[in-house]
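This is work39.pdb. It holds PDB, C-alpha atoms.
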```
ATOM      1  CA  MET A  15       0.000   0.000   0.000
ATOM      2  CA  TRP A  16       2.868   2.352   0.743
ATOM      3  CA  ASP A  17       4.337   1.637  -2.689
ATOM      4  CA  ILE A  18       0.998   2.356  -4.380
ATOM      5  CA  ALA A  19       0.606   5.576  -2.406
ATOM      6  CA  LEU A  20       4.116   6.686  -3.392
ATOM      7  CA  LEU A  21       3.573   5.891  -7.073
ATOM      8  CA  MET A  22       0.192   7.619  -7.204
ATOM      9  CA  SER A  23       1.538  10.699  -5.428
ATOM     10  CA  ALA A  24       4.564  10.910  -7.732
ATOM     11  CA  ALA A  25       2.398  10.444 -10.834
ATOM     12  CA  PHE A  26      -0.169  13.017  -9.687
ATOM     13  CA  VAL A  27       2.481  15.674  -9.090
ATOM     14  CA  ALA A  28       4.273  14.687 -12.322
ATOM     15  CA  GLY A  29       1.064  15.160 -14.297
ATOM     16  CA  ALA A  30       0.585  18.609 -12.795
ATOM     17  CA  LEU A  31       4.201  19.588 -13.456
ATOM     18  CA  ASN A  32       4.052  18.468 -17.082
ATOM     19  CA  ALA A  33       0.868  20.478 -17.594
ATOM     20  CA  VAL A  34       2.473  23.628 -16.229
ATOM     21  CA  ALA A  35       6.230  23.512 -16.724
ATOM     22  CA  GLY A  36       7.520  19.997 -17.414
ATOM     23  CA  GLY A  37       9.847  17.873 -15.316
ATOM     24  CA  GLY A  38       7.423  15.080 -14.434
ATOM     25  CA  SER A  39       9.960  12.369 -15.294
ATOM     26  CA  PHE A  40      12.107  13.588 -12.398
ATOM     27  CA  LEU A  41       9.496  12.055 -10.092
ATOM     28  CA  THR A  42       8.058   9.025 -11.888
ATOM     29  CA  LEU A  43      11.358   7.286 -12.653
ATOM     30  CA  PRO A  44      12.850   7.529  -9.134
ATOM     31  CA  ALA A  45       9.525   6.566  -7.510
ATOM     32  CA  LEU A  46       9.357   3.368  -9.563
ATOM     33  CA  VAL A  47      12.996   2.498  -8.895
ATOM     34  CA  PHE A  48      12.583   3.124  -5.153
ATOM     35  CA  THR A  49       9.654   0.683  -5.073
ATOM     36  CA  GLY A  50      11.800  -2.073  -6.547
ATOM     37  CA  VAL A  51      11.193  -1.792 -10.298
ATOM     38  CA  PRO A  52      14.406  -2.368 -12.333
ATOM     39  CA  PRO A  53      15.729   0.844 -13.931
ATOM     40  CA  VAL A  54      14.967  -0.013 -17.569
ATOM     41  CA  ALA A  55      11.446  -1.211 -16.682
ATOM     42  CA  ALA A  56      10.982   1.877 -14.488
ATOM     43  CA  ASN A  57      11.856   4.196 -17.364
ATOM     44  CA  ALA A  58       9.461   2.373 -19.696
ATOM     45  CA  THR A  59       6.658   2.196 -17.115
ATOM     46  CA  GLY A  60       6.972   5.871 -16.221
ATOM     47  CA  THR A  61       6.771   6.795 -19.888
ATOM     48  CA  VAL A  62       3.571   4.763 -20.245
ATOM     49  CA  ALA A  63       2.082   6.576 -17.248
ATOM     50  CA  LEU A  64       2.668  10.004 -18.777
ATOM     51  CA  LEU A  65       1.441   9.153 -22.301
ATOM     52  CA  PRO A  66      -2.204  10.326 -21.751
ATOM     53  CA  GLY A  67      -0.927  13.772 -20.770
ATOM     54  CA  TYR A  68       1.045  14.109 -24.012
ATOM     55  CA  MET A  69      -1.957  12.995 -26.058
ATOM     56  CA  ALA A  70      -4.250  15.459 -24.292
ATOM     57  CA  GLY A  71      -1.745  18.268 -24.875
ATOM     58  CA  ALA A  72      -1.483  17.434 -28.581
ATOM     59  CA  TRP A  73      -5.280  17.458 -28.925
ATOM     60  CA  GLY A  74      -5.504  20.784 -27.110
ATOM     61  CA  PHE A  75      -3.067  22.412 -29.553
ATOM     62  CA  ARG A  76      -4.434  20.712 -32.688
ATOM     63  CA  GLN A  77      -5.515  24.001 -34.297
ATOM     64  CA  ASP A  78      -2.130  25.669 -33.759
ATOM     65  CA  MET A  79       0.139  22.974 -35.205
ATOM     66  CA  GLU A  80       2.488  24.101 -37.928
ATOM     67  CA  PRO A  81       5.677  22.261 -38.967
ATOM     68  CA  PRO A  82       8.967  24.150 -38.665
ATOM     69  CA  PRO A  83      10.868  25.384 -41.737
ATOM     70  CA  GLY A  84      12.633  22.579 -43.581
ATOM     71  CA  LEU A  85      10.104  19.945 -42.543
ATOM     72  CA  GLY A  86       6.577  19.117 -43.619
ATOM     73  CA  MET A  87       3.975  17.615 -41.332
ATOM     74  CA  ARG A  88       4.443  14.170 -42.859
ATOM     75  CA  GLY A  89       8.188  14.415 -42.308
ATOM     76  CA  VAL A  90       7.742  15.395 -38.662
ATOM     77  CA  ILE A  91       5.371  12.486 -38.054
ATOM     78  CA  LEU A  92       7.582   9.963 -39.839
ATOM     79  CA  LEU A  93      10.795  11.064 -38.109
ATOM     80  CA  SER A  94       9.047  11.110 -34.714
ATOM     81  CA  LEU A  95       7.914   7.513 -35.179
ATOM     82  CA  ILE A  96      11.283   6.334 -36.512
ATOM     83  CA  GLY A  97      13.278   8.127 -33.815
ATOM     84  CA  GLY A  98      10.951   7.004 -31.040
ATOM     85  CA  SER A  99      11.267   3.410 -32.277
ATOM     86  CA  LEU A 100      15.058   3.558 -32.407
ATOM     87  CA  GLY A 101      15.311   5.111 -28.947
ATOM     88  CA  ALA A 102      12.936   2.556 -27.448
ATOM     89  CA  ALA A 103      14.808  -0.327 -29.099
ATOM     90  CA  LEU A 104      18.066   1.063 -27.710
ATOM     91  CA  LEU A 105      16.564   1.121 -24.226
ATOM     92  CA  LEU A 106      15.470  -2.522 -24.533
ATOM     93  CA  VAL A 107      19.019  -3.676 -25.299
ATOM     94  CA  THR A 108      20.555  -1.579 -22.505
ATOM     95  CA  PRO A 109      21.368  -3.803 -19.478
ATOM     96  CA  ASP A 110      19.901  -2.676 -16.160
ATOM     97  CA  HIS A 111      23.323  -2.281 -14.563
ATOM     98  CA  LEU A 112      24.456   0.003 -17.396
ATOM     99  CA  PHE A 113      21.235   2.029 -17.412
ATOM    100  CA  ARG A 114      21.554   2.449 -13.636
ATOM    101  CA  LYS A 115      24.920   4.115 -14.243
ATOM    102  CA  VAL A 116      23.533   6.274 -17.063
ATOM    103  CA  VAL A 117      20.375   7.433 -15.241
ATOM    104  CA  PRO A 118      21.974  10.032 -12.905
ATOM    105  CA  TRP A 119      23.810  11.616 -15.827
ATOM    106  CA  LEU A 120      20.605  11.721 -17.866
ATOM    107  CA  LEU A 121      18.796  13.285 -14.903
ATOM    108  CA  LEU A 122      21.553  15.879 -14.535
ATOM    109  CA  ALA A 123      21.416  16.689 -18.256
ATOM    110  CA  ALA A 124      17.630  16.974 -18.193
ATOM    111  CA  THR A 125      17.778  19.141 -15.060
ATOM    112  CA  ALA A 126      20.343  21.430 -16.678
ATOM    113  CA  MET A 127      18.172  21.753 -19.793
ATOM    114  CA  PHE A 128      15.189  22.617 -17.629
ATOM    115  CA  ALA A 129      17.152  25.076 -15.481
ATOM    116  CA  PHE A 130      18.530  26.930 -18.499
ATOM    117  CA  ALA A 131      15.394  26.612 -20.629
ATOM    118  CA  PRO A 132      14.784  30.410 -20.777
ATOM    119  CA  GLN A 133      18.346  30.993 -21.986
ATOM    120  CA  LEU A 134      18.047  28.173 -24.526
ATOM    121  CA  ARG A 135      14.823  29.630 -25.869
ATOM    122  CA  ARG A 136      16.349  33.115 -26.156
ATOM    123  CA  MET A 137      19.373  31.684 -27.964
ATOM    124  CA  ALA A 138      17.078  29.751 -30.289
ATOM    125  CA  SER A 139      15.000  32.883 -30.924
ATOM    126  CA  ARG A 140      18.089  34.985 -31.717
ATOM    127  CA  GLY A 141      19.478  32.309 -33.974
ATOM    128  CA  SER A 142      16.239  31.483 -35.747
ATOM    129  CA  ALA A 143      16.467  34.258 -38.330
ATOM    130  CA  GLU A 144      20.106  33.416 -39.057
ATOM    131  CA  HIS A 145      19.519  29.684 -39.361
ATOM    132  CA  ALA A 146      16.151  29.820 -41.123
ATOM    133  CA  ALA A 147      17.760  30.376 -44.500
ATOM    134  CA  HIS A 148      20.082  27.415 -43.878
ATOM    135  CA  ALA A 149      17.460  25.047 -42.455
ATOM    136  CA  SER A 150      17.723  22.553 -45.282
ATOM    137  CA  PRO A 151      15.506  19.472 -45.162
ATOM    138  CA  VAL A 152      18.592  17.344 -44.427
ATOM    139  CA  LYS A 153      19.681  19.434 -41.432
ATOM    140  CA  ALA A 154      16.143  19.796 -40.139
ATOM    141  CA  GLY A 155      15.498  16.069 -40.543
ATOM    142  CA  ALA A 156      18.747  15.114 -38.802
ATOM    143  CA  GLY A 157      17.933  17.355 -35.837
ATOM    144  CA  MET A 158      14.384  16.045 -35.593
ATOM    145  CA  LEU A 159      15.564  12.418 -35.739
ATOM    146  CA  ALA A 160      18.235  12.946 -33.069
ATOM    147  CA  VAL A 161      15.792  14.530 -30.619
ATOM    148  CA  ALA A 162      13.192  11.819 -31.300
ATOM    149  CA  ILE A 163      15.749   9.078 -30.568
ATOM    150  CA  TYR A 164      16.570  10.790 -27.278
ATOM    151  CA  GLY A 165      12.879  10.993 -26.434
ATOM    152  CA  GLY A 166      12.314   7.319 -27.163
ATOM    153  CA  TYR A 167      15.238   6.384 -24.943
ATOM    154  CA  PHE A 168      14.812   8.844 -22.080
ATOM    155  CA  ASN A 169      11.888  11.256 -21.906
ATOM    156  CA  GLY A 170      13.281  13.811 -19.452
ATOM    157  CA  GLY A 171      13.882  17.270 -20.922
ATOM    158  CA  LEU A 172      12.337  16.311 -24.269
ATOM    159  CA  GLY A 173      10.056  19.354 -24.450
ATOM    160  CA  ILE A 174      12.946  21.775 -23.927
ATOM    161  CA  LEU A 175      14.974  20.103 -26.680
ATOM    162  CA  LEU A 176      12.046  20.237 -29.090
ATOM    163  CA  LEU A 177      11.319  23.912 -28.452
ATOM    164  CA  ALA A 178      15.014  24.766 -28.912
ATOM    165  CA  LEU A 179      15.156  22.748 -32.152
ATOM    166  CA  PHE A 180      12.038  24.385 -33.606
ATOM    167  CA  GLY A 181      13.395  27.822 -32.743
ATOM    168  CA  LEU A 182      16.748  27.116 -34.392
ATOM    169  CA  LEU A 183      14.962  25.912 -37.523
ATOM    170  CA  GLY A 184      13.239  29.285 -37.786
ATOM    171  CA  GLN A 185       9.845  28.733 -36.203
ATOM    172  CA  THR A 186       8.679  31.839 -34.343
ATOM    173  CA  ARG A 187       5.024  31.292 -33.332
ATOM    174  CA  LEU A 188       5.010  30.014 -29.750
ATOM    175  CA  HIS A 189       1.614  28.320 -30.047
ATOM    176  CA  ALA A 190       2.763  26.493 -33.170
ATOM    177  CA  MET A 191       5.965  25.431 -31.403
ATOM    178  CA  ASN A 192       4.034  24.154 -28.382
ATOM    179  CA  GLY A 193       1.565  22.361 -30.630
ATOM    180  CA  MET A 194       4.320  20.568 -32.513
ATOM    181  CA  LYS A 195       6.136  19.822 -29.251
ATOM    182  CA  ASN A 196       3.060  18.055 -27.892
ATOM    183  CA  LEU A 197       2.409  16.237 -31.169
ATOM    184  CA  VAL A 198       5.975  14.940 -31.457
ATOM    185  CA  SER A 199       6.039  13.957 -27.773
ATOM    186  CA  ALA A 200       2.768  12.039 -28.142
ATOM    187  CA  LEU A 201       3.834  10.274 -31.338
ATOM    188  CA  LEU A 202       7.277   9.146 -30.256
ATOM    189  CA  THR A 203       6.038   8.197 -26.795
ATOM    190  CA  ALA A 204       3.180   6.147 -28.261
ATOM    191  CA  ILE A 205       5.461   4.140 -30.563
ATOM    192  CA  ALA A 206       8.035   3.779 -27.778
ATOM    193  CA  VAL A 207       5.332   2.457 -25.429
ATOM    194  CA  ALA A 208       4.290  -0.112 -28.056
ATOM    195  CA  ILE A 209       7.879  -1.310 -28.329
ATOM    196  CA  TYR A 210       8.337  -1.351 -24.548
ATOM    197  CA  ALA A 211       5.171  -3.461 -24.279
ATOM    198  CA  ALA A 212       6.341  -5.862 -27.002
ATOM    199  CA  GLY A 213       9.675  -6.160 -25.187
ATOM    200  CA  GLY A 214       7.898  -7.079 -21.958
ATOM    201  CA  VAL A 215       9.507  -4.364 -19.831
ATOM    202  CA  VAL A 216       6.340  -2.475 -18.808
ATOM    203  CA  GLN A 217       5.033  -3.111 -15.289
ATOM    204  CA  TRP A 218       1.355  -2.751 -16.205
ATOM    205  CA  GLU A 219      -0.079  -2.785 -12.690
ATOM    206  CA  GLN A 220       2.042   0.188 -11.684
ATOM    207  CA  ALA A 221       1.609   1.859 -15.074
ATOM    208  CA  LEU A 222      -2.199   1.842 -14.940
ATOM    209  CA  VAL A 223      -2.300   3.167 -11.377
ATOM    210  CA  MET A 224       0.134   5.947 -12.258
ATOM    211  CA  MET A 225      -1.664   6.714 -15.516
ATOM    212  CA  ILE A 226      -4.890   7.476 -13.643
ATOM    213  CA  ALA A 227      -3.067   9.597 -11.083
ATOM    214  CA  ALA A 228      -1.063  11.483 -13.719
ATOM    215  CA  THR A 229      -4.200  12.269 -15.718
ATOM    216  CA  ALA A 230      -5.921  13.568 -12.586
ATOM    217  CA  GLY A 231      -2.829  15.586 -11.726
ATOM    218  CA  GLY A 232      -2.686  17.126 -15.181
ATOM    219  CA  TYR A 233      -6.309  18.237 -14.909
ATOM    220  CA  GLY A 234      -6.724  19.242 -11.278
ATOM    221  CA  GLY A 235      -3.184  19.676 -10.017
ATOM    222  CA  ALA A 236      -2.312  22.215 -12.669
ATOM    223  CA  ARG A 237      -4.883  24.614 -11.217
ATOM    224  CA  LEU A 238      -3.100  24.544  -7.878
ATOM    225  CA  ALA A 239       0.339  24.717  -9.464
ATOM    226  CA  ARG A 240      -0.601  27.897 -11.353
ATOM    227  CA  ARG A 241      -0.979  29.665  -8.016
ATOM    228  CA  ILE A 242       2.693  29.041  -7.256
ATOM    229  CA  PRO A 243       5.050  31.785  -8.510
ATOM    230  CA  PRO A 244       6.778  30.494 -11.677
ATOM    231  CA  GLU A 245      10.262  31.052 -10.273
ATOM    232  CA  TRP A 246       9.408  28.981  -7.182
ATOM    233  CA  LEU A 247       8.004  26.208  -9.334
ATOM    234  CA  ARG A 248      11.065  26.147 -11.578
ATOM    235  CA  ALA A 249      13.420  26.184  -8.593
ATOM    236  CA  GLY A 250      11.506  23.310  -6.993
ATOM    237  CA  ILE A 251      11.723  21.197 -10.153
ATOM    238  CA  VAL A 252      15.451  21.888 -10.544
ATOM    239  CA  LEU A 253      16.057  21.024  -6.892
ATOM    240  CA  THR A 254      14.079  17.796  -7.302
ATOM    241  CA  GLY A 255      16.119  16.827 -10.348
ATOM    242  CA  LEU A 256      19.412  17.498  -8.546
ATOM    243  CA  VAL A 257      18.341  15.560  -5.461
ATOM    244  CA  MET A 258      17.156  12.588  -7.511
ATOM    245  CA  ALA A 259      20.375  12.550  -9.539
ATOM    246  CA  GLY A 260      22.369  12.688  -6.282
ATOM    247  CA  VAL A 261      20.402   9.772  -4.836
ATOM    248  CA  PHE A 262      21.034   7.675  -7.940
ATOM    249  CA  PHE A 263      24.749   8.481  -7.775
ATOM    250  CA  TRP A 264      24.764   7.458  -4.113
ATOM    251  CA  ARG A 265      22.943   4.171  -4.797
ATOM    252  CA  GLN A 266      25.454   3.072  -7.441
TER     253      GLN A 266
END
```
Conversion result in structure tokens:
Amino acid sequence: MWDIALLMSAAFVAGALNAVAGGGSFLTLPALVFTGVPPVAANATGTVALLPGYMAGAWGFRQDMEPPPGLGMRGVILLSLIGGSLGAALLLVTPDHLFRKVVPWLLLAATAMFAFAPQLRRMASRGSAEHAAHASPVKAGAGMLAVAIYGGYFNGGLGILLLALFGLLGQTRLHAMNGMKNLVSALLTAIAVAIYAAGGVVQWEQALVMMIAATAGGYGGARLARRIPPEWLRAGIVLTGLVMAGVFFWRQ
């Protein structure tokens, strides 16, 4: 019962965080590992739990979606599915002992991306006009594929990477960028979840419990989270990421 309570609490807060600012993976992955789920299975199960939130976000932005320069909508969808598949397949062949060593570094990288997200977005905005003329389909496709592979392997910080990529490719409308971010996240997560399930690494009992809690958190928890000053919320997420990375380093 304590394990279920921990998983539901982590998923609820993660759903609320993803709805407002991101960073939900900082809670779902450690919670699953702390309850005894092997690291690779924990990463896959946590991704399954957060999938409904990505799908809801994509549906909410459906009227604002617009592919970035250098890529058409079909290209974005195809590369998201291919990259998500490759990343998920890479996770399946990663031994638990190796993934356990990689996790704290991935958490640190994702935390850093989240912490410096405003700076990354400003850099992407300044560079968008310069790079827009050079955003060839090959360069745009390579960037999209690389980010999708990362997302299929490890979901943390995916939204920040996508927003930075779209900005560097020359996209300027924030609603369009957010719409495409949610679409790509939903697509690559969905195909990754299918591969995780086929590989038998999803702990479905935990995933379903967390899925319900995360969906409730995304709907109701976001209202409460919006009352928290943005700088406090960001600082809390960064602190959580650093603490979780430190715990994983300590447990090695």
A straight line from CA of Asn196 (chain A) to CA of Leu64 (chain A) spans 12.2 Å
Find the residues around region 188-191 of chain A up to 12 Å (all atoms listed in the file counted), leave out those fewer than 4 positions away in its own chain, and share them as JSON, numbers by chain. {"A": [71, 72, 74, 75, 76, 77, 78, 79, 80, 81, 82, 83, 135, 138, 139, 173, 174, 175, 176, 177, 178, 179, 180, 181, 182, 183, 184, 195, 196, 197, 198]}
Set out as a tab-separated table a contact list for region 100-193 of chain A and region 254-264 of chain A with a cut-off of 6 Å, giving each residue of region 100-193 of chain A that qualifies its closest atom pair and distance in Å to one decimal, counting only C-alpha atoms, ordered by chain and rising residue number.
```
residue	atom	partner	partner_atom	distance
A:Pro118	CA	A:Ala259	CA	4.5
A:Leu121	CA	A:Ala259	CA	5.6
A:Thr125	CA	A:Gly255	CA	5.5
```
Please provide the set of residues having any atom within 8 Å of Leu21 (chain A), restricted to all atoms listed in the file, with same-chain residues fewer than 6 positions apart removed, written as a PDB file with C-alpha atoms, in the frame of the given file.
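Contents of selection-v9.pdb, as written:
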```pdb
ATOM      1  CA  THR A  42       8.058   9.025 -11.888  1.00  0.00           C
ATOM      2  CA  ALA A  45       9.525   6.566  -7.510  1.00  0.00           C
ATOM      3  CA  LEU A  46       9.357   3.368  -9.563  1.00  0.00           C
ATOM      4  CA  GLN A 220       2.042   0.188 -11.684  1.00  0.00           C
ATOM      5  CA  VAL A 223      -2.300   3.167 -11.377  1.00  0.00           C
ATOM      6  CA  MET A 224       0.134   5.947 -12.258  1.00  0.00           C
TER       7      MET A 224
END
```
Name the residues in contact with Ala56 (chain A) at a cut-off of 6 Å, using all atoms listed in the file, excluding same-chain residues fewer than 3 positions from it; report them as a VMD selection string. chain A and resid 43 46 to 47 51 to 53 59 to 60
